[in-house]
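Below: run-v1.csv (CSV, C-alpha atoms)
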chain,number,residue,atom,x,y,z
A,1,MET,CA,-49.6,66.8,40.6
A,2,THR,CA,-48.9,65.3,44.1
A,3,ALA,CA,-51.2,63.1,46.1
A,4,ALA,CA,-52.2,65.9,48.5
A,5,GLU,CA,-53.0,68.2,45.6
A,6,ARG,CA,-55.2,65.6,44.0
A,7,ILE,CA,-57.2,64.9,47.2
A,8,ARG,CA,-56.9,68.4,48.8
A,9,PRO,CA,-57.2,67.3,52.4
A,10,ALA,CA,-56.2,70.8,53.6
A,11,GLY,CA,-58.8,72.7,55.6
A,12,THR,CA,-60.8,69.7,56.4
A,13,HIS,CA,-62.3,68.1,59.6
A,14,PHE,CA,-62.5,64.4,59.3
A,15,GLU,CA,-64.2,61.7,61.4
A,16,ARG,CA,-63.2,58.1,60.9
A,17,THR,CA,-66.0,55.6,60.1
A,18,LEU,CA,-64.0,52.5,59.5
A,19,LEU,CA,-60.7,50.8,60.2
A,20,ALA,CA,-60.2,47.4,58.5
A,21,ARG,CA,-57.2,45.1,58.9
A,22,PRO,CA,-56.7,41.6,57.6
A,23,GLY,CA,-57.9,39.0,60.0
A,24,ALA,CA,-59.4,41.5,62.4
A,25,ILE,CA,-63.0,42.6,63.1
A,26,PRO,CA,-63.6,46.0,61.4
A,27,ASP,CA,-63.5,48.9,63.9
A,28,THR,CA,-66.5,51.2,63.4
A,29,THR,CA,-66.8,52.5,67.0
A,30,THR,CA,-63.5,54.1,67.9
A,31,ARG,CA,-64.0,57.9,68.0
A,32,VAL,CA,-61.3,59.4,65.7
A,33,THR,CA,-61.0,63.0,64.7
A,34,TRP,CA,-58.4,64.3,62.2
A,35,LEU,CA,-58.1,68.0,61.7
A,36,GLN,CA,-55.9,69.0,58.7
A,37,GLY,CA,-54.5,72.4,58.1
A,38,GLU,CA,-52.4,73.4,55.1
A,39,ARG,CA,-49.3,71.5,56.3
A,40,LEU,CA,-50.0,70.7,60.0
A,41,TYR,CA,-52.5,68.2,61.5
A,42,CYS,CA,-53.8,66.8,64.8
A,43,ASP,CA,-55.4,63.3,65.2
A,44,LEU,CA,-57.2,62.2,68.4
A,45,ARG,CA,-58.4,58.5,68.9
A,46,ARG,CA,-60.5,57.3,71.8
A,47,PRO,CA,-62.0,53.8,72.0
A,48,ALA,CA,-65.7,53.4,72.6
A,49,THR,CA,-64.8,51.2,75.5
A,50,LEU,CA,-62.7,53.9,77.2
A,51,PRO,CA,-63.7,53.9,80.9
A,52,THR,CA,-64.8,57.1,82.6
A,53,VAL,CA,-62.0,58.6,84.6
A,54,THR,CA,-63.4,61.1,87.1
A,55,ALA,CA,-60.1,62.4,88.5
A,56,SER,CA,-60.0,66.2,88.2
A,57,THR,CA,-56.2,66.3,88.0
A,58,LEU,CA,-53.3,64.0,87.1
A,59,ALA,CA,-52.3,64.1,90.7
A,60,GLU,CA,-55.5,62.3,91.6
A,61,MET,CA,-55.1,59.5,89.1
A,62,GLU,CA,-54.2,56.0,90.2
A,63,ILE,CA,-52.4,53.3,88.1
A,64,ASP,CA,-55.7,51.9,86.9
A,65,ASP,CA,-56.8,55.3,85.6
A,66,LEU,CA,-53.5,55.7,83.8
A,67,VAL,CA,-53.6,52.3,82.2
A,68,ALA,CA,-57.2,53.0,81.0
A,69,LEU,CA,-56.2,56.3,79.5
A,70,ALA,CA,-53.3,54.7,77.7
A,71,SER,CA,-55.8,52.9,75.5
A,72,GLN,CA,-56.2,56.2,73.7
A,73,ASP,CA,-54.0,57.4,70.9
A,74,GLY,CA,-53.2,60.7,69.3
A,75,PHE,CA,-50.5,62.5,67.4
A,76,ALA,CA,-49.8,65.8,65.6
A,77,GLY,CA,-47.2,67.2,63.2
A,78,ARG,CA,-46.6,67.8,59.5
A,79,LEU,CA,-48.3,66.0,56.6
A,80,LEU,CA,-45.6,65.2,54.2
A,81,ASP,CA,-46.3,64.5,50.5
A,82,SER,CA,-44.1,62.0,48.7
A,83,SER,CA,-46.0,62.2,45.4
A,84,ASN,CA,-47.4,58.7,45.5
A,85,HIS,CA,-48.4,58.7,49.2
A,86,VAL,CA,-48.5,61.0,52.2
A,87,GLU,CA,-46.8,60.6,55.6
A,88,TRP,CA,-48.1,61.8,59.0
A,89,GLU,CA,-44.9,63.0,60.6
A,90,ARG,CA,-45.3,63.0,64.4
A,91,ALA,CA,-43.9,66.0,66.3
A,92,VAL,CA,-46.2,65.1,69.1
A,93,SER,CA,-47.1,61.4,69.9
A,94,PHE,CA,-49.2,60.0,72.8
A,95,HIS,CA,-47.5,56.6,72.3
A,96,PRO,CA,-43.9,55.7,71.4
A,97,LEU,CA,-43.2,55.8,67.7
A,98,GLY,CA,-43.6,52.6,65.7
A,99,PRO,CA,-40.9,50.8,63.7
A,100,THR,CA,-42.2,52.2,60.3
A,101,PRO,CA,-43.5,55.6,59.2
A,102,ASP,CA,-47.2,56.4,59.4
A,103,ALA,CA,-47.8,56.5,55.6
A,104,GLY,CA,-50.8,56.0,53.4
A,105,THR,CA,-52.3,56.6,50.0
A,106,LEU,CA,-55.5,58.8,49.8
A,107,GLU,CA,-58.3,58.5,47.4
A,108,ALA,CA,-61.9,59.8,47.2
A,109,LEU,CA,-64.6,57.2,47.7
A,110,ASP,CA,-67.3,59.8,47.1
A,111,THR,CA,-67.8,63.5,47.7
A,112,ASP,CA,-68.0,63.0,51.5
A,113,THR,CA,-65.5,60.2,52.1
A,114,LEU,CA,-61.8,59.8,51.8
A,115,VAL,CA,-60.2,56.3,51.8
A,116,GLU,CA,-56.7,55.7,53.2
A,117,HIS,CA,-54.7,52.6,52.4
A,118,GLY,CA,-51.6,51.8,54.5
A,119,VAL,CA,-48.2,51.8,52.8
A,120,PHE,CA,-46.0,50.1,55.4
A,121,GLU,CA,-48.9,48.4,57.2
A,122,GLU,CA,-51.9,46.6,55.7
A,123,TYR,CA,-55.0,48.5,56.6
A,124,THR,CA,-57.9,50.6,55.2
A,125,GLU,CA,-59.5,53.6,56.9
A,126,HIS,CA,-62.6,55.5,55.8
A,127,TRP,CA,-62.7,59.2,56.7
A,128,ARG,CA,-66.0,61.2,56.6
A,129,ILE,CA,-65.7,64.9,55.8
A,130,THR,CA,-67.7,66.8,58.4
A,131,ASP,CA,-66.4,70.3,57.9
A,132,VAL,CA,-64.4,72.2,55.3
A,133,SER,CA,-63.0,75.8,55.4
A,134,PRO,CA,-60.4,77.8,53.6
A,135,ASP,CA,-59.9,79.8,56.8
A,136,ILE,CA,-56.8,78.0,58.2
A,137,GLU,CA,-54.4,78.9,60.9
A,138,GLU,CA,-51.6,76.6,62.1
A,139,TYR,CA,-48.5,76.8,64.3
A,140,LEU,CA,-45.7,74.4,65.2
A,141,LEU,CA,-44.6,75.5,68.6
A,142,GLU,CA,-41.8,75.1,71.1
A,143,ASP,CA,-42.3,75.8,74.9
A,144,VAL,CA,-40.1,78.7,75.9
A,145,GLU,CA,-39.3,77.2,79.3
A,146,THR,CA,-39.2,73.4,78.7
A,147,GLY,CA,-38.6,72.9,75.0
A,148,ALA,CA,-41.7,70.8,74.7
A,149,THR,CA,-43.3,70.7,71.2
A,150,ALA,CA,-46.9,71.6,70.4
A,151,VAL,CA,-49.1,71.9,67.3
A,152,LEU,CA,-52.1,74.2,67.0
A,153,VAL,CA,-54.4,74.0,64.0
A,154,ARG,CA,-57.6,76.0,63.4
A,155,VAL,CA,-59.9,75.3,60.4
A,156,GLY,CA,-62.9,77.6,60.5
A,157,GLU,CA,-64.5,77.2,63.9
A,158,CYS,CA,-62.8,73.9,64.6
A,159,PHE,CA,-59.5,73.6,66.4
A,160,ALA,CA,-57.1,70.9,67.5
A,161,PHE,CA,-54.1,71.1,69.8
A,162,GLY,CA,-51.3,68.6,70.5
A,163,ARG,CA,-48.7,69.1,73.3
A,164,SER,CA,-45.8,66.8,74.0
A,165,ARG,CA,-44.5,65.7,77.4
A,166,ASP,CA,-41.8,67.9,78.9
A,167,HIS,CA,-39.5,64.9,78.9
A,168,ALA,CA,-38.8,62.3,76.2
A,169,LEU,CA,-40.9,59.1,76.2
A,170,GLY,CA,-39.2,55.7,76.2
A,171,SER,CA,-39.5,53.2,73.4
A,172,GLU,CA,-41.3,50.5,75.3
A,173,PRO,CA,-45.1,50.3,75.0
A,174,LEU,CA,-46.8,53.0,77.1
A,175,VAL,CA,-48.7,50.6,79.4
A,176,GLU,CA,-45.4,48.8,80.2
A,177,GLN,CA,-43.8,52.1,81.1
A,178,ILE,CA,-46.7,53.0,83.3
A,179,LEU,CA,-46.6,49.7,85.2
A,180,GLY,CA,-42.8,49.7,85.4
A,181,ALA,CA,-42.5,53.3,86.7
A,182,ALA,CA,-40.6,53.7,89.9
A,183,THR,CA,-43.3,55.8,91.6
A,184,VAL,CA,-46.9,56.7,90.9
A,185,SER,CA,-45.8,60.3,90.3
A,186,ASP,CA,-43.4,59.0,87.5
A,187,ALA,CA,-46.3,57.0,86.0
A,188,ARG,CA,-48.5,60.1,86.0
A,189,ALA,CA,-45.9,62.1,84.2
A,190,LEU,CA,-46.0,59.6,81.3
A,191,LEU,CA,-49.6,60.6,80.7
A,192,ASP,CA,-48.9,64.3,80.7
A,193,CYS,CA,-49.3,64.6,76.9
A,194,GLU,CA,-52.4,66.3,75.5
A,195,ILE,CA,-54.1,65.8,72.2
A,196,ALA,CA,-57.3,67.9,72.2
A,197,VAL,CA,-60.1,68.9,69.8
A,198,GLY,CA,-62.8,71.6,70.1
A,199,ARG,CA,-64.7,74.4,68.7
A,200,ILE,CA,-64.6,78.2,68.8
A,201,GLU,CA,-67.7,80.1,69.8
A,202,ASP,CA,-67.9,83.7,70.8
A,203,SER,CA,-64.1,83.8,70.8
A,204,ARG,CA,-63.9,80.9,73.4
A,205,TRP,CA,-61.8,77.9,72.3
A,206,THR,CA,-63.7,75.2,74.2
A,207,ILE,CA,-62.1,71.7,74.3
A,208,SER,CA,-64.6,69.0,73.6
A,209,ALA,CA,-62.4,66.0,73.9
A,210,SER,CA,-58.9,65.4,75.2
A,211,THR,CA,-56.5,62.6,76.1
A,212,LEU,CA,-56.6,64.3,79.6
A,213,PRO,CA,-60.4,64.0,80.3
A,214,TYR,CA,-60.5,66.7,83.0
A,215,ARG,CA,-59.5,69.2,80.3
A,216,SER,CA,-62.8,68.7,78.4
A,217,GLY,CA,-64.9,71.8,78.7
A,218,ARG,CA,-61.9,74.0,79.4
A,219,ASN,CA,-60.9,77.1,77.4
A,220,LEU,CA,-57.6,76.7,75.6
A,221,HIS,CA,-57.6,80.5,75.5
A,222,PRO,CA,-54.7,81.1,73.0
A,223,VAL,CA,-53.3,84.5,73.0
A,224,PHE,CA,-51.4,85.5,69.9
A,225,GLY,CA,-48.5,87.9,69.8
A,226,HIS,CA,-44.7,87.8,69.8
A,227,GLU,CA,-45.2,84.7,71.8
A,228,ILE,CA,-48.3,82.4,71.8
A,229,ARG,CA,-49.8,81.6,75.2
A,230,THR,CA,-52.3,78.8,76.0
A,231,ARG,CA,-54.0,77.8,79.2
A,232,ASP,CA,-52.9,74.6,80.8
A,233,THR,CA,-53.4,72.7,84.0
A,234,THR,CA,-50.6,71.5,86.3
A,235,PHE,CA,-50.5,68.1,88.0
A,236,ASP,CA,-52.4,69.5,91.1
A,237,GLY,CA,-55.0,71.4,89.0
A,238,THR,CA,-53.5,74.8,89.0
A,239,SER,CA,-54.4,76.8,85.9
A,240,ILE,CA,-51.3,78.2,84.2
A,241,ALA,CA,-50.3,80.0,81.0
A,242,ARG,CA,-47.8,78.2,78.8
A,243,ARG,CA,-45.5,80.3,76.7
A,244,TRP,CA,-44.7,79.2,73.2
A,245,ARG,CA,-42.4,80.4,70.4
A,246,SER,CA,-43.6,79.8,66.9
A,247,VAL,CA,-41.4,77.5,64.8
A,248,HIS,CA,-43.7,77.4,61.8
A,249,PRO,CA,-46.6,79.9,61.6
A,250,THR,CA,-49.4,80.6,59.2
A,251,PRO,CA,-50.2,84.3,59.6
A,252,ARG,CA,-53.4,85.1,61.4
A,253,GLY,CA,-56.3,86.6,59.4
A,254,ASP,CA,-58.7,89.2,60.6
A,255,THR,CA,-61.1,86.6,62.1

Structure encoded using structure tokens:
Amino acid sequence: MTAAERIRPAGTHFERTLLARPGAIPDTTTRVTWLQGERLYCDLRRPATLPTVTASTLAEMEIDDLVALASQDGFAGRLLDSSNHVEWERAVSFHPLGPTPDAGTLEALDTDTLVEHGVFEEYTEHWRITDVSPDIEEYLLEDVETGATAVLVRVGECFAFGRSRDHALGSEPLVEQILGAATVSDARALLDCEIAVGRIEDSRWTISASTLPYRSGRNLHPVFGHEIRTRDTTFDGTSIARRWRSVHPTPRGDT
């Protein structure tokens, strides 16, 4: 029996309640959501100290706004099971990838809490189970026009969406890349990566939180067919439909 089978994280909406690292003050305030499908997941992390950015488009953001938003984190991809631990493979990542895989062991603290211990880094995270559903839908996607990657996960009425940048991110820390960009436009492009979570009500997929704050409250509006389409927003605020081909689908149910 594998680690994932023992814990059964599939079909679960988690909220983090604790991050503990040796020599550091425990973090109980960062708002972290992890939505786990059968194989795919999305994870959004926003510090409690995140300043309010009022710009309604990326084109309106100044360098200070971009640096503030770079304090967020998020990633999405496949959850890989290695028998004695799991690894969160990152098909989409808001920050450059680190030097070691994101891997941990999972164990149940009680019926409502999962405990994660780092494998390659020393840390402990507590995850509170807030919603569970066997009704799962998940897609690993590729943009038909740009080749960008996306992950779409639905668990019951909860959903999460991760979309990569259209161009590869460098290996330097994100803030350093923003401050070192040749133009403000280049710096803005570095933030054009969305990790979003939300809920479905009356067939409307409303984004409740996103790495791009002006997207909060918007309708992701996925349309499923030979291609999958989602609503997005260009740098200047124009609403567009992005076209995706499915690389790894879970067939839709009747809901």

Show me, as a PyMOL selection string, the residues that have an atom within 9 Å of Glu89 of chain A when counting all atoms listed in the file, minus same-chain residues fewer than 4 positions from it. chain A and resi 75-80+101-103

Those residues you just picked out, can you put them in a file as a tab-separated table (two decimals), keeping the file's coordinate frame with C-alpha atoms?
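part.tsv, written as the output of this step:
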chain	number	residue	atom	x	y	z
A	75	PHE	CA	-50.50	62.50	67.40
A	76	ALA	CA	-49.80	65.80	65.60
A	77	GLY	CA	-47.20	67.20	63.20
A	78	ARG	CA	-46.60	67.80	59.50
A	79	LEU	CA	-48.30	66.00	56.60
A	80	LEU	CA	-45.60	65.20	54.20
A	101	PRO	CA	-43.50	55.60	59.20
A	102	ASP	CA	-47.20	56.40	59.40
A	103	ALA	CA	-47.80	56.50	55.60

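If you look at atom CA of Leu18 of chain A and atom CA of Leu44 of chain A, they are 14.8 Å away from each other.
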
For Leu190 of chain A, list every protein, DNA or RNA residue within 7 Å, evaluated using only C-alpha atoms, and leave out those in the same chain fewer than 3 positions away; present the list as a PDB file with C-alpha atoms, keeping the file's coordinate frame.
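Saved to selection_31.pdb:
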ATOM      1  CA  ILE A 178     -46.700  53.000  83.300  1.00  0.00           C
ATOM      2  CA  ASP A 186     -43.400  59.000  87.500  1.00  0.00           C
ATOM      3  CA  ALA A 187     -46.300  57.000  86.000  1.00  0.00           C
TER       4      ALA A 187
END

For the interface of segment 54-151 of chain A with segment 201-221 of chain A (cut-off 9 Å, counting only C-alpha atoms), please tabulate each contacting residue of segment 54-151 of chain A alongside its nearest pair of atoms and their separation in Å to one decimal, rows sorted by chain and increasing number, as JSON lines.
{"residue": "A:Thr54", "atom": "CA", "partner": "A:Tyr214", "partner_atom": "CA", "distance": 7.5}
{"residue": "A:Ala55", "atom": "CA", "partner": "A:Tyr214", "partner_atom": "CA", "distance": 7.0}
{"residue": "A:Ser56", "atom": "CA", "partner": "A:Tyr214", "partner_atom": "CA", "distance": 5.2}
{"residue": "A:Thr57", "atom": "CA", "partner": "A:Tyr214", "partner_atom": "CA", "distance": 6.6}
{"residue": "A:Leu58", "atom": "CA", "partner": "A:Leu212", "partner_atom": "CA", "distance": 8.2}
{"residue": "A:Leu69", "atom": "CA", "partner": "A:Thr211", "partner_atom": "CA", "distance": 7.2}
{"residue": "A:Ala70", "atom": "CA", "partner": "A:Thr211", "partner_atom": "CA", "distance": 8.7}
{"residue": "A:Gln72", "atom": "CA", "partner": "A:Thr211", "partner_atom": "CA", "distance": 6.8}
{"residue": "A:Asp73", "atom": "CA", "partner": "A:Thr211", "partner_atom": "CA", "distance": 7.8}
{"residue": "A:Gly74", "atom": "CA", "partner": "A:Thr211", "partner_atom": "CA", "distance": 7.8}
{"residue": "A:Phe94", "atom": "CA", "partner": "A:Thr211", "partner_atom": "CA", "distance": 8.4}

Distance in Å - atom CA of Ala59 of chain A versus atom CA of Ala189 of chain A: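 Distance reported for this atom pair: 9.3 Å.
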
Would you pick out the contacts of Thr130 of chain A at 9 Å or less, using only C-alpha atoms, so that residues sharing its chain but fewer than 2 positions from it are not included, and give the list as a PyMOL selection string? chain A and resi 12-15+112+128+132

Just how far from atom CA of Ile129 of chain A is atom CA of Arg45 of chain A, in Å to one decimal?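 Interatomic distance here is 16.3 Å.
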
May I ask which of the residues A:Glu87, A:Arg46, A:Asp143, A:Asp236 is the closest one to His117 of chain A, counting all atoms listed in the file? A:Glu87

Counting only C-alpha atoms, which residue out of A:Thr17, A:Asn84, A:Ser239, A:Ser171 sits closest to Thr124 of chain A?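 Selected residue with least distance to Thr124 of chain A: A:Thr17.
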
Taking only C-alpha atoms into account, name the residue in A:Asp110, A:Glu122, A:Glu142, A:Asp43 that is nearest to Trp88 of chain A. A:Asp43

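Proximity to Thr234 of chain A was assessed for A:Glu60, A:Glu116, A:Glu38, A:Asp131 counting all atoms listed in the file; the smallest distance is recorded for A:Glu60.
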
For Leu179 of chain A, which of A:Glu62, A:Ile240, A:Asp192, A:Val197 is the closest residue, counting only C-alpha atoms?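 For Leu179 of chain A, the nearest of the given residues is A:Glu62.
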
Counting all atoms listed in the file, which residue out of A:Glu176, A:Asp65, A:Trp127, A:Leu40 sits closest to Arg16 of chain A?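 Looking only at the distances to Arg16 of chain A, the closest residue turns out to be A:Trp127.
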